[in-house]
Amino acid sequence: MIPELGHFALILAAWVVIAQSAFGLAGPAFARERWIAAVRPAVFTQFALQTAALAALMYAFVTNDFSVQYVAQNSNSALPVGYRIAAVWGAHEGSLVLWGWILSCWTLAVALRSRSLPEAFAARTLGVLGLVSLGFVTFTLATSNPFLRLQPAAPDGRDLNPLLQDPALASHPPMLYAGYVGFAVAFAFACAAMIEGRLDQTWARWTRPWTTIAWAFLSVGIALGSWWAYYELGWGGYWFWDPVENASFMPWLVGTALIHSLAVTEKRGLFKSWTLLLAILAFSLSLLGTFLVRSGVLVSVHSFAADPTRGIFILTFLVLVIGGALALYAWRAPLLRSEAGFEFTSRESFLLFNNILLVVAAAAVFAGTMAPLISDALGLGTLSVGKQYFDPVFLLPTLPLIALAAVGLHSQWKRGRVAARRGAILTTAAIGIALTLALMLGVWGGAKLLTPIGFALGLWLIASSFVDPIDRVRRGIRLTPAIVGMAIAHVGLGVFVVSITAVESYTSERDLALAIGESGRVGAFEYRLDGLRRVEGPNYDAVRGTVTVLEAGKPVVTLYPEKRNYFVQRSVMTEADIHMQLSRDVFAALGEDLGGGRWSVRAQVRPLINYVWLAAFLMALGGIVAASDRRYRRAEGEA
Amino acid sequence: MNRFILPAGVFVLLVAVLAVGIQRAPNKTVIPSALIGKPAPQYLLPVIASSSPLQAVQFDSRSLAGRWHVVNVWGTWCPECRVEHPVLLDMAREAALPIIGLDWKDDDMAARRWLESLGDPYDVVVADREGRTAIDFGVYGAPETFLIDDRGVVVHKHVGAMTPAVWQRDFLARLPARAATTGGSP
Amino acid sequence: MSLRIVAVLLIGAWLAIASHTAGAIDPVEMTDPALQTRYRALTHELRCMQCQNQSIADSPVGLAGDLRREVRELLEAGKTDQQVRDYMRDRYGDFILFRPRFAANTLWLWAAPVVLLLLGLYAAWRVVRKRGALVATDSFDDEATRS
């Protein structure tokens with residue numbers, strides 16, 4: 001009964017979002033106040049209905065209702081309750097319900113926080129969001145209904161994929177979707193502005209905090225996913241340039257460009273049409289990511305259940321939403337003009353180049369991700385594109401970007417006055433180079449060509465991030481959250497660059513074949529296999545190794561990697577054991593019985609790797625602090 | 001025309017590529033062979049089973065020179081191979097072409113038992129115990145079936161279980177009219 | 001990663017998951033450290049044909065093990081990295097190479113980021129030139145707006 005209610009709530013939600021978009025778009029067009037007044041109640045209702053649908057699905061999972069096909073496929077009575085809830089978004093259908101619900105949350109937030117905006121503008125924004133909701137709800141209902149019953153009910157479920165039975169992964173999709181979907185708000189603001197044919201600095205001030213918060217969610221979502229891959233996939237990698245990862249990274253890159261472009265539009269009323277285009281692009285790439293992931297067009301071999309119906313549905317949706325927005329753009333953008341001027345070394349100019357480099361980086365990732373598809377469509381053959389392509393083409397625009405940021409943070413609006421800031425620029429650069437030398441000569445020793453470049457750029461950026469806040473404090477100017485947030489985010493980026501450089505340059509890794517009592521050298525470390533024993537978990541049994549890691553003859557840590565055998569899914573999983581420290585991670589994974597009492601063991605020691613994720617959280621924190629700036633709240637009060 | 005139409009133009013191209021992508025998605029499980037139109041690899045491998053009592057211990061692929069033939073890559077560990085086996089038996093009864101079995105990374109005894117219990121469609125079965133010949137053929141998953149012409153050139157490769165329809169459409173249809181008669185059983 | 005597995009789930013590719021979870025640990029080492037380094041690099045740029053976006057270095061699938069052995073033997077026989085790549089490409093096509101070649105059918109892919117970067121820089125330069133001319137007539141004052 002409950003699942004049917006959930007299904008019914010979703011169907012009702014579809015009708016309510018139709019009303020939301022119709023009233024939201026037609027109300028202002030025909031100047032009907034009562035239509036406009038109906039938009040917010042529609043938002044509240046669809047939020048309630050989508051919440052009910054999600055709750056119904058969760059209820060089915062929590063109560064182990066294996067008469068629901070989706071539950072039977074993705075859960076099991078032995079699964080802990082927490083993972084039963086996370087199993088809701090463990091596969092396609094439930095992910096869509098979650099996606100729809102998160103969009104309804106953002107829509108609700110816009111409805112509640114837009115009372116100070118012009119009524120017509122708010123109504124149009126909510127109307128556009130309604131159209132996006134409509135796409136997702138009908139997609140769920142038409143191709144991916146999670147409430148389908150199984151006749152007869154399954155005695156027990158097939159269990160959640162063991163890889164997904166993990167706290168980081170349980171929280172990763174909601175974060176990621178909150179980011180993806182959050183860009184829908186900037187998109188809707190952009191569409192509403194284009195419909196009205198009016199875009200001013202106030203518009204940029206409304207749009208900025210929404211964009212920044214969505215971007216912060218996306219940063220955290222990507223970082224959680226990467227972290228999870230690192231310790232759960234068990235092979236020590238943290239980024240694979242996988243199509244699915246790229247699908248989340250492209251909107252992040254364009255979203256980052258949008259945040260910076262919005263800053264120029266708000267401050268100077270410049271780059272208006274460019275900002276609009278980025279707002280459309282960021283959300284389009286989120287949708288495209290969904291398309292690529294769900295339609296199976298990119299996942300080449302062994303994509304057993306690639307579903308063309310779903311692909312065609314999303315493609316149609318893409319054409320309507322993105323095509324519509326771009327048509328609107330082609331029509332309205334030429335009307336936007338600005339007479340503001342700026343010099344080559346001004347902040348506007350730095351942010352312009354920042355945008356170009358970020359968009360080129362996103363385009364390079366896009367080219368690599370789409371290449372197999374494009375090559376196939378043009379009859380140029382079947383291709384693979386991996387790390388060996390992405391690494392260099394991504395660094396091409398992003399290395400200059402870091403240097404640009406390190407200098408640009410010292411620049412001012414309109415007239416750069418960079419010459420006057422020469423002291424600060426040179427001092428920070430000197431600090432960066434000095435610390436790099438200290439690190440490389442004192443701590444780690446020489447390495448690859450990019451090692452000193454990465455360290456110096458990252459450290460220079462960190463040093464530069466402090467200059468403006470310190471300068472303001474010294475001159476007695478109040479530090480606003482916007483300034484502090486910006487500094488935190490750029491420190492985060494610097495930390496990111498430094499930690500990636502350290503990990504890529506100084507990781508020691510080796511695969512060993514060890515019998516009990518034997519040891520093998522890995523860089524400066526020694527890994528000794530002390531024992532193996534059988535252990536039993538709730539839904540698996542495992543072989544657990546005892547591995548002692550020694551540095552200079554002294555034991556550093558004892559690790560217990562496991563090789564697990566999950567009964568229900570009948571899959572073998574490697575549960576690596578990682579001793580996580582801020583300075584380095586010591587990692588061991590247990591491979592297989594090689595015969596003769598020997599087991600294969602993967603040994604890795606990675607310096608500073610935890611700073612990679614910490615850096616992402618810093619960037620997100622910076623975004624949230626900046627978005628809390630009072631001028632955005634004041635904007636509400638004033639407008 | 002203005003530069004603001006450009007994004008929409010790029011998007012139209014993208015949609016075209018994606019549409020083609022969706023259309024081809026169901027065929028994505030198959031990676032086209034790099035060997036089509038190129039000489040088939042040569043091999044000299046131990047014989048597991050042969051329809052000819054005079055067959056030597058080793059089989060040399062050069063003995064197939066001048067004849068259209070089929071190479072079927074299989075193994076007793078491969079579930080799909082069991083599925084296609086009856087089709088191979090029908091093909092053998094038709095006797096349009098010699099069928100060479102390449103037993104890929106398998107146990108010889110298990111292979112012999114398989115052929116005894118399920119029937120032997122092959123003219124010769126050779127053992128590729130270390131999987132080297134399979135790599136030369138660019139095999140990435142059994143079963144795979146190759147069609148090789150009288151000049152020793154690979155004409156076609158089918159990935160996955162053979163079906164009567166595939167056999168008709170992709171193999172027999174590619175034979176020149178007389179090959180079907182002169183190919184015969186050796 | 002994360003999403004990769006979500007995707008794998010979505011398409012129900014059970015096999016691919018199995019291959020991920022039981023990744024390859026390859027303790028066989030070549031005696032010459034220089035060869036071992038080249039071996040590691042090469043096995044990371046050859047794709048496991050049966051897997052989702054995994055190199056033969058990371059895959060436990062039998063064929064990946066055979067291909068690693070092949071790489072090892074070719075290197076021991078004194079082949080260059082390029083000869084090993086060509087050997088694999090002759091058998092498995094461009095699909096096996098994670099690093100697309102510089103060839104007629106793949107050049108666009110390598111050229112795209114460079115061309116886009118140049119176009120982008122040119123466009124930015126034009127904007128800067130146009131806006132530079134407007135500085136004198138623009139009344140905005142940064143010092144005044146700092147608060």
# chains A, B, ... in the order shown; residues from 1 in each chain; ligands from 1
>>> select_by_dssp(residues="segment 303-548 of chain A", states="helix (DSSP H, G or I)", output="PyMOL selection string")
chain A and resi 308-335+347-377+387-408+419-444+450-474+481-506
>>> residues_around(residues="Ala190 of chain A", least_positions_apart="3", cutoff="7 Å", atoms="only C-alpha atoms", output="VMD selection string")
chain A and resid 186 to 187 193 to 194 276 279
>>> interface_residues(of="chain C", to="chain B", cutoff="9 Å", atoms="only C-alpha atoms", output="short mmCIF file (atom, residue, chain, number, x, y, z; two decimals) with C-alpha atoms, in the first residue's frame")
data_model
loop_
_atom_site.label_atom_id
_atom_site.label_comp_id
_atom_site.auth_asym_id
_atom_site.auth_seq_id
_atom_site.Cartn_x
_atom_site.Cartn_y
_atom_site.Cartn_z
CA CYS C 48 41.82 -4.13 -20.34
CA MET C 49 39.52 -5.05 -23.21
CA GLN C 50 36.90 -6.70 -21.02
CA LEU C 63 43.50 -11.86 -20.52
CA ASP C 66 48.35 -12.68 -20.47
CA LEU C 67 48.85 -9.22 -21.95
CA GLU C 70 53.31 -10.32 -23.37
CA MET C 88 49.09 -4.39 -29.14
CA ARG C 89 47.42 -2.04 -31.58
CA ASP C 90 47.98 -4.44 -34.48
CA ARG C 91 45.99 -7.04 -32.59
CA TYR C 92 43.39 -5.06 -30.67
CA GLY C 93 43.12 -1.77 -32.54
CA ASP C 94 43.15 1.80 -31.20
CA PHE C 95 40.74 0.76 -28.46
#
>>> closest_residue(among="A:Phe366, A:Trp89, A:Trp241, A:Tyr611", to="chain B", atoms="only C-alpha atoms")
A:Phe366
>>> closest_atom_pairs(of="chain B", to="chain A", cutoff="10 Å", atoms="only C-alpha atoms", output="CSV")
residue,atom,partner,partner_atom,distance
B:Met1,CA,A:Ala330,CA,9.4
B:Asn2,CA,A:Ala330,CA,7.9
B:Arg3,CA,A:Ala330,CA,8.1
B:Phe4,CA,A:Ala330,CA,4.7
B:Ile5,CA,A:Ala330,CA,4.8
B:Leu6,CA,A:Ala330,CA,8.1
B:Pro7,CA,A:Leu326,CA,6.7
B:Ala8,CA,A:Leu326,CA,5.3
B:Gly9,CA,A:Leu326,CA,9.1
B:Phe11,CA,A:Gly323,CA,7.3
B:Val12,CA,A:Gly323,CA,8.1
B:Leu14,CA,A:Ile374,CA,8.9
B:Val15,CA,A:Val319,CA,7.5
B:Ala16,CA,A:Ala377,CA,8.9
B:Val17,CA,A:Ala377,CA,6.1
B:Leu18,CA,A:Leu373,CA,7.6
B:Ala19,CA,A:Leu315,CA,7.6
B:Val20,CA,A:Ala377,CA,6.0
B:Gly21,CA,A:Val297,CA,5.6
B:Ile22,CA,A:Val297,CA,5.7
B:Gln23,CA,A:Pro308,CA,7.5
B:Arg24,CA,A:Val297,CA,7.8
B:Ala25,CA,A:Val297,CA,5.2
B:Pro26,CA,A:Ala306,CA,6.9
B:Asn27,CA,A:Ser300,CA,9.1
B:Lys28,CA,A:Ser300,CA,5.3
B:Thr29,CA,A:Val301,CA,4.4
B:Val30,CA,A:Val301,CA,6.9
B:Ile31,CA,A:Thr382,CA,7.2
B:Pro32,CA,A:Thr382,CA,7.5
B:Ser33,CA,A:Thr382,CA,10.0
>>> write_last_selection(atoms="C-alpha atoms", output="compact mmCIF listing (two decimals), in the first residue's frame")
# COMPACT_ATOMS: atom_id res chain seq x y z
CA MET B 1 23.51 36.16 -37.81
CA ASN B 2 25.47 36.98 -34.70
CA ARG B 3 28.02 35.28 -32.48
CA PHE B 4 25.34 34.56 -29.90
CA ILE B 5 23.93 31.85 -32.17
CA LEU B 6 27.22 29.95 -32.01
CA PRO B 7 26.46 28.08 -28.74
CA ALA B 8 23.15 26.86 -30.16
CA GLY B 9 24.98 25.72 -33.29
CA PHE B 11 24.70 22.23 -29.31
CA VAL B 12 22.95 21.05 -32.47
CA LEU B 14 26.42 17.69 -30.08
CA VAL B 15 22.85 16.44 -30.20
CA ALA B 16 23.55 14.84 -33.56
CA VAL B 17 26.56 13.01 -32.14
CA LEU B 18 24.57 11.89 -29.08
CA ALA B 19 21.70 10.69 -31.24
CA VAL B 20 24.09 8.56 -33.30
CA GLY B 21 25.57 7.38 -30.02
CA ILE B 22 22.22 6.19 -28.71
CA GLN B 23 21.48 4.45 -31.96
CA ARG B 24 24.74 2.54 -31.72
CA ALA B 25 24.65 1.95 -27.97
CA PRO B 26 23.21 -1.57 -28.27
CA ASN B 27 26.19 -2.60 -30.44
CA LYS B 28 28.70 -1.15 -28.05
CA THR B 29 29.52 -4.51 -26.56
CA VAL B 30 31.42 -5.36 -29.73
CA ILE B 31 34.79 -3.81 -30.44
CA PRO B 32 35.60 -4.11 -34.14
CA SER B 33 38.52 -6.37 -34.90
>>> residues_around(residues="Leu224 of chain A", least_positions_apart="5", cutoff="9 Å", atoms="only C-alpha atoms", output="ChimeraX atom specification")
/A:168-169,171-172,175-176,219,229,613 /C:2
>>> select_by_dssp(residues="chain B", states="strand (DSSP E)", output="MDAnalysis selection string")
chainID B and resid 44:50 58:60 69:74 99:104 124:128 144:148 154:159
>>> decode(residues="segment 45-136 of chain C", atoms="C-alpha atoms", output="PDB file, in the first residue's frame")
ATOM      1  CA  GLU C  45      48.420   2.768 -20.704  1.00  0.00           C
ATOM      2  CA  LEU C  46      47.003  -0.405 -22.216  1.00  0.00           C
ATOM      3  CA  ARG C  47      43.318  -0.956 -21.689  1.00  0.00           C
ATOM      4  CA  CYS C  48      41.824  -4.127 -20.336  1.00  0.00           C
ATOM      5  CA  MET C  49      39.515  -5.049 -23.212  1.00  0.00           C
ATOM      6  CA  GLN C  50      36.896  -6.699 -21.021  1.00  0.00           C
ATOM      7  CA  CYS C  51      36.769  -4.101 -18.285  1.00  0.00           C
ATOM      8  CA  GLN C  52      35.265  -0.696 -17.693  1.00  0.00           C
ATOM      9  CA  ASN C  53      37.993   1.839 -18.055  1.00  0.00           C
ATOM     10  CA  GLN C  54      40.669  -0.248 -16.347  1.00  0.00           C
ATOM     11  CA  SER C  55      44.213  -0.771 -17.519  1.00  0.00           C
ATOM     12  CA  ILE C  56      45.733  -4.222 -17.826  1.00  0.00           C
ATOM     13  CA  ALA C  57      47.897  -3.298 -14.846  1.00  0.00           C
ATOM     14  CA  ASP C  58      44.806  -2.944 -12.662  1.00  0.00           C
ATOM     15  CA  SER C  59      42.701  -5.795 -13.940  1.00  0.00           C
ATOM     16  CA  PRO C  60      42.574  -9.311 -12.521  1.00  0.00           C
ATOM     17  CA  VAL C  61      40.989 -10.716 -15.697  1.00  0.00           C
ATOM     18  CA  GLY C  62      42.926 -13.600 -17.211  1.00  0.00           C
ATOM     19  CA  LEU C  63      43.496 -11.856 -20.522  1.00  0.00           C
ATOM     20  CA  ALA C  64      44.975  -8.822 -18.755  1.00  0.00           C
ATOM     21  CA  GLY C  65      47.459 -11.159 -17.077  1.00  0.00           C
ATOM     22  CA  ASP C  66      48.351 -12.679 -20.468  1.00  0.00           C
ATOM     23  CA  LEU C  67      48.846  -9.223 -21.954  1.00  0.00           C
ATOM     24  CA  ARG C  68      51.073  -8.198 -19.036  1.00  0.00           C
ATOM     25  CA  ARG C  69      53.155 -11.291 -19.706  1.00  0.00           C
ATOM     26  CA  GLU C  70      53.309 -10.316 -23.375  1.00  0.00           C
ATOM     27  CA  VAL C  71      54.520  -6.795 -22.470  1.00  0.00           C
ATOM     28  CA  ARG C  72      57.133  -8.248 -20.159  1.00  0.00           C
ATOM     29  CA  GLU C  73      58.452 -10.606 -22.818  1.00  0.00           C
ATOM     30  CA  LEU C  74      58.530  -7.932 -25.489  1.00  0.00           C
ATOM     31  CA  LEU C  75      60.485  -5.625 -23.198  1.00  0.00           C
ATOM     32  CA  GLU C  76      62.897  -8.412 -22.333  1.00  0.00           C
ATOM     33  CA  ALA C  77      63.352  -9.023 -26.043  1.00  0.00           C
ATOM     34  CA  GLY C  78      64.581  -5.450 -26.328  1.00  0.00           C
ATOM     35  CA  LYS C  79      61.528  -3.864 -27.980  1.00  0.00           C
ATOM     36  CA  THR C  80      60.951  -0.144 -27.587  1.00  0.00           C
ATOM     37  CA  ASP C  81      57.841   1.223 -25.881  1.00  0.00           C
ATOM     38  CA  GLN C  82      56.488   2.244 -29.269  1.00  0.00           C
ATOM     39  CA  GLN C  83      57.027  -1.232 -30.653  1.00  0.00           C
ATOM     40  CA  VAL C  84      55.077  -2.698 -27.722  1.00  0.00           C
ATOM     41  CA  ARG C  85      52.217  -0.249 -28.336  1.00  0.00           C
ATOM     42  CA  ASP C  86      52.204  -1.077 -32.040  1.00  0.00           C
ATOM     43  CA  TYR C  87      52.219  -4.788 -31.272  1.00  0.00           C
ATOM     44  CA  MET C  88      49.095  -4.390 -29.140  1.00  0.00           C
ATOM     45  CA  ARG C  89      47.419  -2.035 -31.577  1.00  0.00           C
ATOM     46  CA  ASP C  90      47.977  -4.442 -34.484  1.00  0.00           C
ATOM     47  CA  ARG C  91      45.992  -7.043 -32.589  1.00  0.00           C
ATOM     48  CA  TYR C  92      43.391  -5.057 -30.674  1.00  0.00           C
ATOM     49  CA  GLY C  93      43.121  -1.772 -32.535  1.00  0.00           C
ATOM     50  CA  ASP C  94      43.149   1.801 -31.200  1.00  0.00           C
ATOM     51  CA  PHE C  95      40.740   0.757 -28.465  1.00  0.00           C
ATOM     52  CA  ILE C  96      43.529  -0.810 -26.428  1.00  0.00           C
ATOM     53  CA  LEU C  97      45.532   2.421 -26.240  1.00  0.00           C
ATOM     54  CA  PHE C  98      44.572   4.778 -23.393  1.00  0.00           C
ATOM     55  CA  ARG C  99      46.937   7.315 -24.943  1.00  0.00           C
ATOM     56  CA  PRO C 100      45.420   8.076 -28.352  1.00  0.00           C
ATOM     57  CA  ARG C 101      48.061   8.134 -31.097  1.00  0.00           C
ATOM     58  CA  PHE C 102      49.038  11.198 -33.065  1.00  0.00           C
ATOM     59  CA  ALA C 103      47.486   9.939 -36.275  1.00  0.00           C
ATOM     60  CA  ALA C 104      45.082  11.175 -38.910  1.00  0.00           C
ATOM     61  CA  ASN C 105      42.011   9.817 -37.110  1.00  0.00           C
ATOM     62  CA  THR C 106      42.987  11.048 -33.630  1.00  0.00           C
ATOM     63  CA  LEU C 107      44.858  14.271 -34.296  1.00  0.00           C
ATOM     64  CA  TRP C 108      41.722  16.381 -33.796  1.00  0.00           C
ATOM     65  CA  LEU C 109      41.527  15.145 -30.236  1.00  0.00           C
ATOM     66  CA  TRP C 110      45.052  16.297 -29.388  1.00  0.00           C
ATOM     67  CA  ALA C 111      44.664  19.514 -31.331  1.00  0.00           C
ATOM     68  CA  ALA C 112      41.316  20.489 -29.795  1.00  0.00           C
ATOM     69  CA  PRO C 113      42.585  21.783 -26.410  1.00  0.00           C
ATOM     70  CA  VAL C 114      45.453  23.704 -28.017  1.00  0.00           C
ATOM     71  CA  VAL C 115      43.278  25.287 -30.699  1.00  0.00           C
ATOM     72  CA  LEU C 116      40.595  26.188 -28.156  1.00  0.00           C
ATOM     73  CA  LEU C 117      43.193  27.713 -25.877  1.00  0.00           C
ATOM     74  CA  LEU C 118      44.579  29.863 -28.682  1.00  0.00           C
ATOM     75  CA  LEU C 119      41.100  30.926 -29.807  1.00  0.00           C
ATOM     76  CA  GLY C 120      40.182  31.735 -26.213  1.00  0.00           C
ATOM     77  CA  LEU C 121      43.293  33.813 -25.658  1.00  0.00           C
ATOM     78  CA  TYR C 122      42.687  35.663 -28.913  1.00  0.00           C
ATOM     79  CA  ALA C 123      39.093  36.428 -27.917  1.00  0.00           C
ATOM     80  CA  ALA C 124      40.213  37.597 -24.472  1.00  0.00           C
ATOM     81  CA  TRP C 125      42.881  39.816 -26.015  1.00  0.00           C
ATOM     82  CA  ARG C 126      40.249  41.460 -28.235  1.00  0.00           C
ATOM     83  CA  VAL C 127      37.991  42.102 -25.245  1.00  0.00           C
ATOM     84  CA  VAL C 128      40.887  43.589 -23.280  1.00  0.00           C
ATOM     85  CA  ARG C 129      41.753  45.894 -26.202  1.00  0.00           C
ATOM     86  CA  LYS C 130      38.169  47.057 -26.582  1.00  0.00           C
ATOM     87  CA  ARG C 131      37.692  47.617 -22.846  1.00  0.00           C
ATOM     88  CA  GLY C 132      41.056  49.301 -22.471  1.00  0.00           C
ATOM     89  CA  ALA C 133      39.807  52.071 -24.742  1.00  0.00           C
ATOM     90  CA  LEU C 134      36.803  52.656 -22.468  1.00  0.00           C
ATOM     91  CA  VAL C 135      38.762  53.148 -19.236  1.00  0.00           C
ATOM     92  CA  ALA C 136      38.931  56.933 -19.615  1.00  0.00           C
TER      93      ALA C 136
END
